[in-house]
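File shown here: target.tsv, holding TSV, N, CA and C atoms.
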```
chain	number	residue	atom	x	y	z
A	16	GLN	N	0.84	-1.19	0.00
A	16	GLN	CA	0.00	0.00	0.00
A	16	GLN	C	0.88	1.24	0.00
A	17	VAL	N	0.59	2.17	-0.91
A	17	VAL	CA	1.37	3.39	-1.02
A	17	VAL	C	0.89	4.39	0.03
A	18	GLN	N	1.83	4.99	0.69
A	18	GLN	CA	1.53	6.06	1.64
A	18	GLN	C	2.33	7.29	1.24
A	19	LEU	N	1.65	8.41	1.08
A	19	LEU	CA	2.28	9.67	0.70
A	19	LEU	C	2.21	10.64	1.87
A	20	VAL	N	3.29	11.38	2.05
A	20	VAL	CA	3.33	12.39	3.10
A	20	VAL	C	3.83	13.69	2.49
A	21	ALA	N	3.01	14.72	2.59
A	21	ALA	CA	3.39	16.04	2.13
A	21	ALA	C	3.83	16.88	3.32
A	22	SER	N	4.91	17.60	3.16
A	22	SER	CA	5.42	18.43	4.26
A	22	SER	C	6.06	19.69	3.70
A	23	GLY	N	6.37	20.61	4.61
A	23	GLY	CA	7.09	21.82	4.21
A	23	GLY	C	6.25	23.07	4.16
A	24	GLY	N	4.96	22.96	4.41
A	24	GLY	CA	4.11	24.14	4.39
A	24	GLY	C	4.41	25.07	5.55
A	25	GLY	N	3.80	26.24	5.51
A	25	GLY	CA	4.00	27.20	6.58
A	25	GLY	C	3.33	28.51	6.26
A	26	SER	N	3.58	29.49	7.13
A	26	SER	CA	3.04	30.83	6.95
A	26	SER	C	4.17	31.77	6.57
A	27	VAL	N	4.02	32.44	5.43
A	27	VAL	CA	5.06	33.32	4.92
A	27	VAL	C	4.46	34.62	4.45
A	28	GLN	N	5.33	35.55	4.08
A	28	GLN	CA	4.91	36.81	3.50
A	28	GLN	C	4.95	36.71	1.98
A	29	ALA	N	4.18	37.55	1.34
A	29	ALA	CA	4.21	37.62	-0.12
A	29	ALA	C	5.63	37.88	-0.59
A	30	GLY	N	6.04	37.15	-1.61
A	30	GLY	CA	7.39	37.27	-2.14
A	30	GLY	C	8.36	36.25	-1.58
A	31	ASP	N	7.98	35.59	-0.50
A	31	ASP	CA	8.85	34.58	0.11
A	31	ASP	C	8.79	33.27	-0.69
A	32	SER	N	9.61	32.33	-0.25
A	32	SER	CA	9.68	31.02	-0.89
A	32	SER	C	9.44	29.91	0.13
A	33	LEU	N	8.96	28.80	-0.37
A	33	LEU	CA	8.80	27.58	0.42
A	33	LEU	C	9.13	26.41	-0.49
A	34	ARG	N	9.58	25.32	0.12
A	34	ARG	CA	9.77	24.08	-0.63
A	34	ARG	C	8.96	22.98	0.03
A	35	LEU	N	8.05	22.44	-0.73
A	35	LEU	CA	7.25	21.31	-0.26
A	35	LEU	C	7.92	20.01	-0.66
A	36	THR	N	7.76	19.01	0.18
A	36	THR	CA	8.33	17.70	-0.07
A	36	THR	C	7.24	16.64	-0.01
A	37	CYS	N	7.28	15.74	-0.96
A	37	CYS	CA	6.36	14.60	-0.99
A	37	CYS	C	7.20	13.34	-0.89
A	38	THR	N	7.02	12.62	0.20
A	38	THR	CA	7.71	11.34	0.35
A	38	THR	C	6.69	10.22	0.21
A	39	ALA	N	7.18	9.06	-0.18
A	39	ALA	CA	6.30	7.93	-0.42
A	39	ALA	C	6.92	6.65	0.08
A	40	SER	N	6.10	5.79	0.61
A	40	SER	CA	6.53	4.45	0.99
A	40	SER	C	5.59	3.45	0.33
A	41	GLY	N	6.08	2.24	0.22
A	41	GLY	CA	5.25	1.20	-0.38
A	41	GLY	C	5.27	1.19	-1.89
A	42	LEU	N	6.26	1.87	-2.50
A	42	LEU	CA	6.35	1.88	-3.95
A	42	LEU	C	7.01	0.59	-4.42
A	43	ASN	N	6.22	-0.30	-5.00
A	43	ASN	CA	6.77	-1.54	-5.53
A	43	ASN	C	6.56	-1.64	-7.04
A	44	PHE	N	6.51	-0.48	-7.69
A	44	PHE	CA	6.36	-0.44	-9.13
A	44	PHE	C	7.30	0.64	-9.67
A	45	ARG	N	7.62	0.55	-10.93
A	45	ARG	CA	8.67	1.40	-11.48
A	45	ARG	C	8.15	2.72	-12.03
A	46	PHE	N	6.99	2.69	-12.67
A	46	PHE	CA	6.52	3.84	-13.42
A	46	PHE	C	5.39	4.56	-12.68
A	47	TRP	N	5.52	5.86	-12.58
A	47	TRP	CA	4.51	6.65	-11.86
A	47	TRP	C	4.59	8.11	-12.28
A	48	THR	N	3.59	8.85	-11.90
A	48	THR	CA	3.56	10.31	-11.99
A	48	THR	C	3.17	10.84	-10.63
A	49	VAL	N	3.85	11.86	-10.19
A	49	VAL	CA	3.47	12.54	-8.96
A	49	VAL	C	2.98	13.94	-9.30
A	50	GLY	N	1.86	14.28	-8.73
A	50	GLY	CA	1.29	15.60	-8.95
A	50	GLY	C	1.09	16.34	-7.64
A	51	TRP	N	1.15	17.66	-7.73
A	51	TRP	CA	0.79	18.52	-6.62
A	51	TRP	C	-0.53	19.21	-6.96
A	52	PHE	N	-1.42	19.21	-6.02
A	52	PHE	CA	-2.70	19.87	-6.15
A	52	PHE	C	-2.90	20.76	-4.93
A	53	ARG	N	-3.81	21.70	-5.04
A	53	ARG	CA	-4.10	22.56	-3.89
A	53	ARG	C	-5.58	22.86	-3.82
A	54	GLN	N	-6.01	23.17	-2.62
A	54	GLN	CA	-7.41	23.51	-2.42
A	54	GLN	C	-7.48	24.65	-1.42
A	55	ALA	N	-8.02	25.77	-1.87
A	55	ALA	CA	-8.23	26.93	-1.01
A	55	ALA	C	-9.62	26.84	-0.40
A	56	PRO	N	-9.84	27.51	0.72
A	56	PRO	CA	-11.17	27.47	1.36
A	56	PRO	C	-12.26	27.92	0.42
A	57	GLY	N	-13.29	27.13	0.31
A	57	GLY	CA	-14.42	27.48	-0.52
A	57	GLY	C	-14.21	27.28	-2.01
A	58	LYS	N	-13.08	26.72	-2.38
A	58	LYS	CA	-12.78	26.52	-3.79
A	58	LYS	C	-12.56	25.04	-4.08
A	59	GLU	N	-12.65	24.72	-5.35
A	59	GLU	CA	-12.39	23.34	-5.75
A	59	GLU	C	-10.88	23.08	-5.77
A	60	ARG	N	-10.56	21.83	-5.65
A	60	ARG	CA	-9.16	21.43	-5.77
A	60	ARG	C	-8.67	21.74	-7.17
A	61	GLU	N	-7.44	22.23	-7.26
A	61	GLU	CA	-6.88	22.52	-8.57
A	61	GLU	C	-5.49	21.94	-8.71
A	62	PHE	N	-5.15	21.64	-9.93
A	62	PHE	CA	-3.84	21.12	-10.28
A	62	PHE	C	-2.80	22.22	-10.16
A	63	VAL	N	-1.60	21.85	-9.68
A	63	VAL	CA	-0.50	22.80	-9.59
A	63	VAL	C	0.66	22.39	-10.50
A	64	ALA	N	1.16	21.16	-10.32
A	64	ALA	CA	2.31	20.72	-11.10
A	64	ALA	C	2.39	19.21	-11.05
A	65	ALA	N	3.11	18.63	-12.01
A	65	ALA	CA	3.30	17.18	-12.03
A	65	ALA	C	4.66	16.85	-12.64
A	66	ILE	N	5.16	15.68	-12.27
A	66	ILE	CA	6.44	15.22	-12.80
A	66	ILE	C	6.36	13.72	-13.05
A	67	SER	N	7.00	13.28	-14.14
A	67	SER	CA	7.02	11.86	-14.45
A	67	SER	C	8.09	11.15	-13.63
A	68	TRP	N	8.02	9.83	-13.61
A	68	TRP	CA	8.96	9.04	-12.82
A	68	TRP	C	10.40	9.26	-13.28
A	69	SER	N	10.57	9.53	-14.58
A	69	SER	CA	11.91	9.73	-15.12
A	69	SER	C	12.43	11.14	-14.86
A	70	GLY	N	11.52	12.04	-14.53
A	70	GLY	CA	11.91	13.43	-14.34
A	70	GLY	C	12.03	14.21	-15.64
A	71	THR	N	11.77	13.56	-16.75
A	71	THR	CA	11.94	14.23	-18.05
A	71	THR	C	10.71	15.00	-18.49
A	72	GLU	N	9.59	14.76	-17.85
A	72	GLU	CA	8.36	15.48	-18.20
A	72	GLU	C	7.81	16.18	-16.97
A	73	THR	N	7.46	17.43	-17.15
A	73	THR	CA	6.84	18.22	-16.09
A	73	THR	C	5.72	19.04	-16.69
A	74	SER	N	4.78	19.42	-15.86
A	74	SER	CA	3.71	20.29	-16.30
A	74	SER	C	3.30	21.18	-15.15
A	75	TYR	N	2.76	22.36	-15.48
A	75	TYR	CA	2.37	23.35	-14.48
A	75	TYR	C	1.07	24.02	-14.90
A	76	THR	N	0.32	24.44	-13.91
A	76	THR	CA	-0.81	25.28	-14.22
A	76	THR	C	-0.28	26.68	-14.53
A	77	ASP	N	-0.99	27.42	-15.34
A	77	ASP	CA	-0.48	28.69	-15.83
A	77	ASP	C	-0.14	29.68	-14.70
A	78	SER	N	-0.92	29.67	-13.65
A	78	SER	CA	-0.73	30.68	-12.60
A	78	SER	C	0.57	30.52	-11.82
A	79	VAL	N	1.23	29.39	-11.95
A	79	VAL	CA	2.47	29.18	-11.19
A	79	VAL	C	3.69	29.06	-12.09
A	80	LYS	N	3.49	29.08	-13.38
A	80	LYS	CA	4.63	28.95	-14.30
A	80	LYS	C	5.63	30.07	-14.07
A	81	GLY	N	6.90	29.69	-13.99
A	81	GLY	CA	7.96	30.65	-13.74
A	81	GLY	C	8.18	30.95	-12.28
A	82	ARG	N	7.29	30.50	-11.41
A	82	ARG	CA	7.45	30.72	-9.97
A	82	ARG	C	7.64	29.41	-9.21
A	83	PHE	N	6.94	28.37	-9.63
A	83	PHE	CA	7.01	27.07	-8.98
A	83	PHE	C	7.80	26.11	-9.87
A	84	PHE	N	8.55	25.23	-9.20
A	84	PHE	CA	9.35	24.25	-9.94
A	84	PHE	C	9.25	22.90	-9.24
A	85	ILE	N	8.88	21.90	-10.01
A	85	ILE	CA	8.76	20.56	-9.46
A	85	ILE	C	10.00	19.77	-9.85
A	86	SER	N	10.49	18.96	-8.94
A	86	SER	CA	11.68	18.17	-9.21
A	86	SER	C	11.64	16.91	-8.36
A	87	ARG	N	12.52	16.03	-8.65
A	87	ARG	CA	12.59	14.80	-7.86
A	87	ARG	C	14.03	14.52	-7.50
A	88	ASP	N	14.19	13.75	-6.48
A	88	ASP	CA	15.51	13.33	-6.05
A	88	ASP	C	16.06	12.35	-7.07
A	89	ASN	N	17.36	12.17	-7.07
A	89	ASN	CA	17.97	11.19	-7.98
A	89	ASN	C	17.42	9.79	-7.74
A	90	ALA	N	17.03	9.54	-6.51
A	90	ALA	CA	16.42	8.25	-6.20
A	90	ALA	C	14.95	8.23	-6.58
A	91	LYS	N	14.48	9.34	-7.20
A	91	LYS	CA	13.14	9.50	-7.75
A	91	LYS	C	12.11	9.92	-6.72
A	92	ILE	N	12.19	9.44	-5.54
A	92	ILE	CA	11.34	9.92	-4.46
A	92	ILE	C	12.31	10.34	-3.35
A	93	PRO	N	12.15	11.52	-2.73
A	93	PRO	CA	10.96	12.36	-2.75
A	93	PRO	C	10.85	13.28	-3.97
A	94	VAL	N	9.68	13.89	-4.08
A	94	VAL	CA	9.39	14.89	-5.09
A	94	VAL	C	9.23	16.22	-4.38
A	95	TYR	N	9.83	17.25	-4.97
A	95	TYR	CA	9.80	18.56	-4.35
A	95	TYR	C	8.98	19.54	-5.19
A	96	LEU	N	8.42	20.52	-4.51
A	96	LEU	CA	7.78	21.64	-5.18
A	96	LEU	C	8.39	22.91	-4.60
A	97	GLN	N	9.28	23.52	-5.36
A	97	GLN	CA	9.89	24.77	-4.95
A	97	GLN	C	8.96	25.91	-5.36
A	98	MET	N	8.52	26.68	-4.39
A	98	MET	CA	7.57	27.76	-4.64
A	98	MET	C	8.24	29.09	-4.34
A	99	ASN	N	8.44	29.88	-5.36
A	99	ASN	CA	9.09	31.18	-5.22
A	99	ASN	C	8.09	32.31	-5.47
A	100	ASN	N	8.43	33.48	-4.98
A	100	ASN	CA	7.59	34.66	-5.18
A	100	ASN	C	6.12	34.34	-4.86
A	101	LEU	N	5.92	33.81	-3.70
A	101	LEU	CA	4.57	33.41	-3.31
A	101	LEU	C	3.63	34.60	-3.22
A	102	LYS	N	2.39	34.35	-3.57
A	102	LYS	CA	1.36	35.37	-3.58
A	102	LYS	C	0.23	34.95	-2.63
A	103	PRO	N	-0.54	35.91	-2.14
A	103	PRO	CA	-1.65	35.54	-1.26
A	103	PRO	C	-2.61	34.53	-1.91
A	104	GLU	N	-2.78	34.59	-3.21
A	104	GLU	CA	-3.67	33.65	-3.88
A	104	GLU	C	-3.11	32.23	-3.95
A	105	ASP	N	-1.88	32.05	-3.51
A	105	ASP	CA	-1.32	30.70	-3.42
A	105	ASP	C	-1.71	30.02	-2.11
A	106	THR	N	-2.36	30.75	-1.22
A	106	THR	CA	-2.78	30.18	0.05
A	106	THR	C	-3.75	29.03	-0.18
A	107	ALA	N	-3.42	27.87	0.37
A	107	ALA	CA	-4.24	26.67	0.17
A	107	ALA	C	-3.61	25.52	0.96
A	108	VAL	N	-4.35	24.44	1.02
A	108	VAL	CA	-3.77	23.17	1.46
A	108	VAL	C	-3.23	22.48	0.21
A	109	TYR	N	-1.98	22.10	0.27
A	109	TYR	CA	-1.31	21.46	-0.86
A	109	TYR	C	-1.22	19.95	-0.62
A	110	TYR	N	-1.61	19.20	-1.65
A	110	TYR	CA	-1.60	17.75	-1.58
A	110	TYR	C	-0.68	17.19	-2.66
A	111	CYS	N	0.04	16.14	-2.33
A	111	CYS	CA	0.72	15.41	-3.37
A	111	CYS	C	-0.07	14.13	-3.65
A	112	ALA	N	-0.02	13.70	-4.88
A	112	ALA	CA	-0.76	12.54	-5.31
A	112	ALA	C	0.09	11.73	-6.28
A	113	LEU	N	-0.22	10.47	-6.39
A	113	LEU	CA	0.55	9.56	-7.23
A	113	LEU	C	-0.37	8.69	-8.06
A	114	ARG	N	0.05	8.43	-9.28
A	114	ARG	CA	-0.67	7.46	-10.10
A	114	ARG	C	0.35	6.52	-10.72
A	115	ARG	N	-0.04	5.32	-10.97
A	115	ARG	CA	0.86	4.31	-11.54
A	115	ARG	C	0.80	4.36	-13.06
A	116	GLY	N	1.87	3.94	-13.68
A	116	GLY	CA	1.87	3.83	-15.13
A	116	GLY	C	2.91	4.70	-15.80
A	117	ASP	N	3.33	4.27	-16.97
A	117	ASP	CA	4.35	4.98	-17.74
A	117	ASP	C	3.67	5.86	-18.79
A	118	TYR	N	2.92	6.82	-18.34
A	118	TYR	CA	2.29	7.78	-19.23
A	118	TYR	C	2.16	9.10	-18.50
A	119	PHE	N	2.18	10.20	-19.22
A	119	PHE	CA	2.12	11.51	-18.59
A	119	PHE	C	0.90	12.31	-19.00
A	120	ILE	N	0.22	11.84	-20.03
A	120	ILE	CA	-0.94	12.56	-20.53
A	120	ILE	C	-1.98	12.73	-19.43
A	121	ALA	N	-2.67	13.85	-19.44
A	121	ALA	CA	-3.72	14.15	-18.47
A	121	ALA	C	-3.20	14.18	-17.04
A	122	SER	N	-1.95	14.57	-16.87
A	122	SER	CA	-1.38	14.61	-15.52
A	122	SER	C	-2.04	15.68	-14.66
A	123	GLU	N	-2.79	16.59	-15.29
A	123	GLU	CA	-3.46	17.64	-14.54
A	123	GLU	C	-4.81	17.20	-13.97
A	124	ARG	N	-5.25	16.03	-14.32
A	124	ARG	CA	-6.56	15.54	-13.88
A	124	ARG	C	-6.43	14.75	-12.58
A	125	GLY	N	-6.96	15.30	-11.53
A	125	GLY	CA	-6.89	14.65	-10.23
A	125	GLY	C	-7.53	13.28	-10.20
A	126	SER	N	-8.52	13.08	-11.04
A	126	SER	CA	-9.24	11.79	-11.04
A	126	SER	C	-8.37	10.64	-11.53
A	127	THR	N	-7.24	10.95	-12.15
A	127	THR	CA	-6.36	9.88	-12.64
A	127	THR	C	-5.38	9.40	-11.58
A	128	TYR	N	-5.37	10.06	-10.43
A	128	TYR	CA	-4.44	9.69	-9.36
A	128	TYR	C	-5.13	8.78	-8.35
A	129	SER	N	-4.42	7.75	-7.94
A	129	SER	CA	-5.01	6.75	-7.05
A	129	SER	C	-4.62	6.94	-5.58
A	130	ASP	N	-3.54	7.63	-5.32
A	130	ASP	CA	-3.05	7.75	-3.95
A	130	ASP	C	-2.81	9.21	-3.62
A	131	TRP	N	-3.22	9.61	-2.43
A	131	TRP	CA	-3.14	11.01	-2.01
A	131	TRP	C	-2.54	11.11	-0.61
A	132	GLY	N	-1.74	12.16	-0.43
A	132	GLY	CA	-1.20	12.45	0.88
A	132	GLY	C	-2.20	13.26	1.69
A	133	GLN	N	-1.80	13.62	2.90
A	133	GLN	CA	-2.73	14.26	3.83
A	133	GLN	C	-2.81	15.77	3.67
A	134	GLY	N	-1.90	16.38	2.94
A	134	GLY	CA	-1.94	17.81	2.73
A	134	GLY	C	-1.09	18.59	3.71
A	135	THR	N	-0.58	19.72	3.25
A	135	THR	CA	0.19	20.62	4.09
A	135	THR	C	-0.27	22.04	3.80
A	136	GLN	N	-0.48	22.83	4.85
A	136	GLN	CA	-1.05	24.16	4.70
A	136	GLN	C	0.02	25.17	4.31
A	137	VAL	N	-0.30	25.97	3.30
A	137	VAL	CA	0.54	27.09	2.89
A	137	VAL	C	-0.29	28.36	3.02
A	138	THR	N	0.19	29.30	3.80
A	138	THR	CA	-0.51	30.56	4.00
A	138	THR	C	0.42	31.70	3.64
A	139	VAL	N	-0.03	32.54	2.72
A	139	VAL	CA	0.79	33.66	2.27
A	139	VAL	C	0.08	34.96	2.62
A	140	ALA	N	0.72	35.76	3.45
A	140	ALA	CA	0.15	37.03	3.88
A	140	ALA	C	0.62	38.14	2.94
A	141	SER	N	-0.25	39.10	2.72
A	141	SER	CA	0.09	40.21	1.82
A	141	SER	C	0.89	41.29	2.55
```
Show how you would write the structure in this file as structure tokens.
Amino acid sequence: QVQLVASGGGSVQAGDSLRLTCTASGLNFRFWTVGWFRQAPGKEREFVAAISWSGTETSYTDSVKGRFFISRDNAKIPVYLQMNNLKPEDTAVYYCALRRGDYFIASERGSTYSDWGQGTQVTVAS
């Protein structure tokens, strides 16, 4: 059974940076995609970024392009989300999620992910 743990959230000022970490246990398969999603109060969950198991494919939602960067360790897990120039609208609970398989298409669709972490709160003050 896969268990994901998201960590690294906190309360910061606008313009600051944070790095989120997604660790996983129970990975007994080779191919996967890890995605970061977020959910602000009163809003639907939205896609933030994703990375393939090889690290050669990444994707981002438009609002974070150029500010957020997803990467993975050489050992492939953990997966990091470096968040720079944070804005108040980035305030949300951030979740990491994992799906099995050697494909990257539709990585922005939360419904394609089978395993989810517990979330870490990111609060950005103006």
Closest to Leu19 (chain A) among A:Ile120, A:Leu113, A:Leu35, A:Val137, using only N, CA and C atoms? A:Leu113
List the spatial neighbours of Trp51 (chain A) as a list in words - criterion: any atom at most 7 Å away, all atoms listed in the file, same-chain residues fewer than 4 positions off excluded. Glu61, Phe62, Val63, Ala64, Ala65, Ile66, Tyr109, Tyr110, Cys111 and Ala112 of chain A
Keeping N, CA and C atoms, export the residues of the selection given above as an mmCIF file, keeping the file's coordinate frame.
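out29.cif written:
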```
data_model
loop_
_atom_site.group_PDB
_atom_site.id
_atom_site.type_symbol
_atom_site.label_atom_id
_atom_site.label_comp_id
_atom_site.auth_asym_id
_atom_site.auth_seq_id
_atom_site.Cartn_x
_atom_site.Cartn_y
_atom_site.Cartn_z
ATOM 1 N N GLU A 61 -7.440 22.230 -7.260
ATOM 2 C CA GLU A 61 -6.880 22.520 -8.570
ATOM 3 C C GLU A 61 -5.490 21.940 -8.710
ATOM 4 N N PHE A 62 -5.150 21.640 -9.930
ATOM 5 C CA PHE A 62 -3.840 21.120 -10.280
ATOM 6 C C PHE A 62 -2.800 22.220 -10.160
ATOM 7 N N VAL A 63 -1.600 21.850 -9.680
ATOM 8 C CA VAL A 63 -0.500 22.800 -9.590
ATOM 9 C C VAL A 63 0.660 22.390 -10.500
ATOM 10 N N ALA A 64 1.160 21.160 -10.320
ATOM 11 C CA ALA A 64 2.310 20.720 -11.100
ATOM 12 C C ALA A 64 2.390 19.210 -11.050
ATOM 13 N N ALA A 65 3.110 18.630 -12.010
ATOM 14 C CA ALA A 65 3.300 17.180 -12.030
ATOM 15 C C ALA A 65 4.660 16.850 -12.640
ATOM 16 N N ILE A 66 5.160 15.680 -12.270
ATOM 17 C CA ILE A 66 6.440 15.220 -12.800
ATOM 18 C C ILE A 66 6.360 13.720 -13.050
ATOM 19 N N TYR A 109 -1.980 22.100 0.270
ATOM 20 C CA TYR A 109 -1.310 21.460 -0.860
ATOM 21 C C TYR A 109 -1.220 19.950 -0.620
ATOM 22 N N TYR A 110 -1.610 19.200 -1.650
ATOM 23 C CA TYR A 110 -1.600 17.750 -1.580
ATOM 24 C C TYR A 110 -0.680 17.190 -2.660
ATOM 25 N N CYS A 111 0.040 16.140 -2.330
ATOM 26 C CA CYS A 111 0.720 15.410 -3.370
ATOM 27 C C CYS A 111 -0.070 14.130 -3.650
ATOM 28 N N ALA A 112 -0.020 13.700 -4.880
ATOM 29 C CA ALA A 112 -0.760 12.540 -5.310
ATOM 30 C C ALA A 112 0.090 11.730 -6.280
#
```
Between A:Ala140, A:Leu33, A:Val49, A:Ala121, single out the one closest to Met98 (chain A), counting only N, CA and C atoms.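 The shortest atom-to-atom distance to Met98 (chain A) comes from A:Leu33.
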At what distance in Å, to one decimal, does atom N of Ala21 (chain A) lie from atom N of Phe44 (chain A)?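 Between these atoms lies a distance of 18.7 Å.
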In Å and to one decimal, atom C of Ser67 (chain A) is distant from atom C of Arg53 (chain A) by 20.5 Å
Between CA of Thr138 (chain A) and atom N of Asp105 (chain A), distance in Å (one decimal): 7.8 Å
Find the residues near Asn100 (chain A): any atom within 10 Å, counting only C-alpha atoms, skip ones fewer than 2 places away on the same chain, and give them as a list of chain:residue names. A:Gln28, A:Ala29, A:Gly30, A:Asp31, A:Ser32, A:Leu33, A:Val79, A:Gly81, A:Arg82, A:Phe83, A:Met98, A:Lys102, A:Asp105
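The smallest atom-to-atom distance between Val139 (chain A) and any of A:Glu104, A:Arg115, A:Thr127, A:Asp77, using only N, CA and C atoms, is found for A:Glu104.
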Hey, what's within 8 Å of Leu42 (chain A) if we count only C-alpha atoms and toss same-chain stuff fewer than 2 positions away? As a PyMOL selection string, please? chain A and resi 16-17+39-40+44-45
Residue among A:Ser129, A:Leu96, A:Glu72, A:Glu123 lying closest to Gly24 (chain A), counting only C-alpha atoms: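 For Gly24 (chain A), the nearest of the candidates is A:Leu96.
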Just the strand (DSSP E or B) stuff from chain A, please, per backbone DSSP, written as a PyMOL selection string. chain A and resi 18-22+25-28+33-40+47-54+61-67+73-75+83-87+94-98+107-115+130-131+135-140
Measuring between only N, CA and C atoms, which one of A:Thr71, A:Gln54, A:Ser86, A:Gln97 shows the shortest distance to Arg34 (chain A)?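 Nearest to Arg34 (chain A): A:Gln97.
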Which of these residues is nearest to Thr73 (chain A), using only C-alpha atoms: A:Gly50, A:Gly116, A:Gly125, A:Gly23?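 That would be A:Gly50, the residue with the smallest distance to Thr73 (chain A).
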Residues of chain A in helix (DSSP H, G or I), written as a ChimeraX atom specification: /A:77-79,103-105,125-127
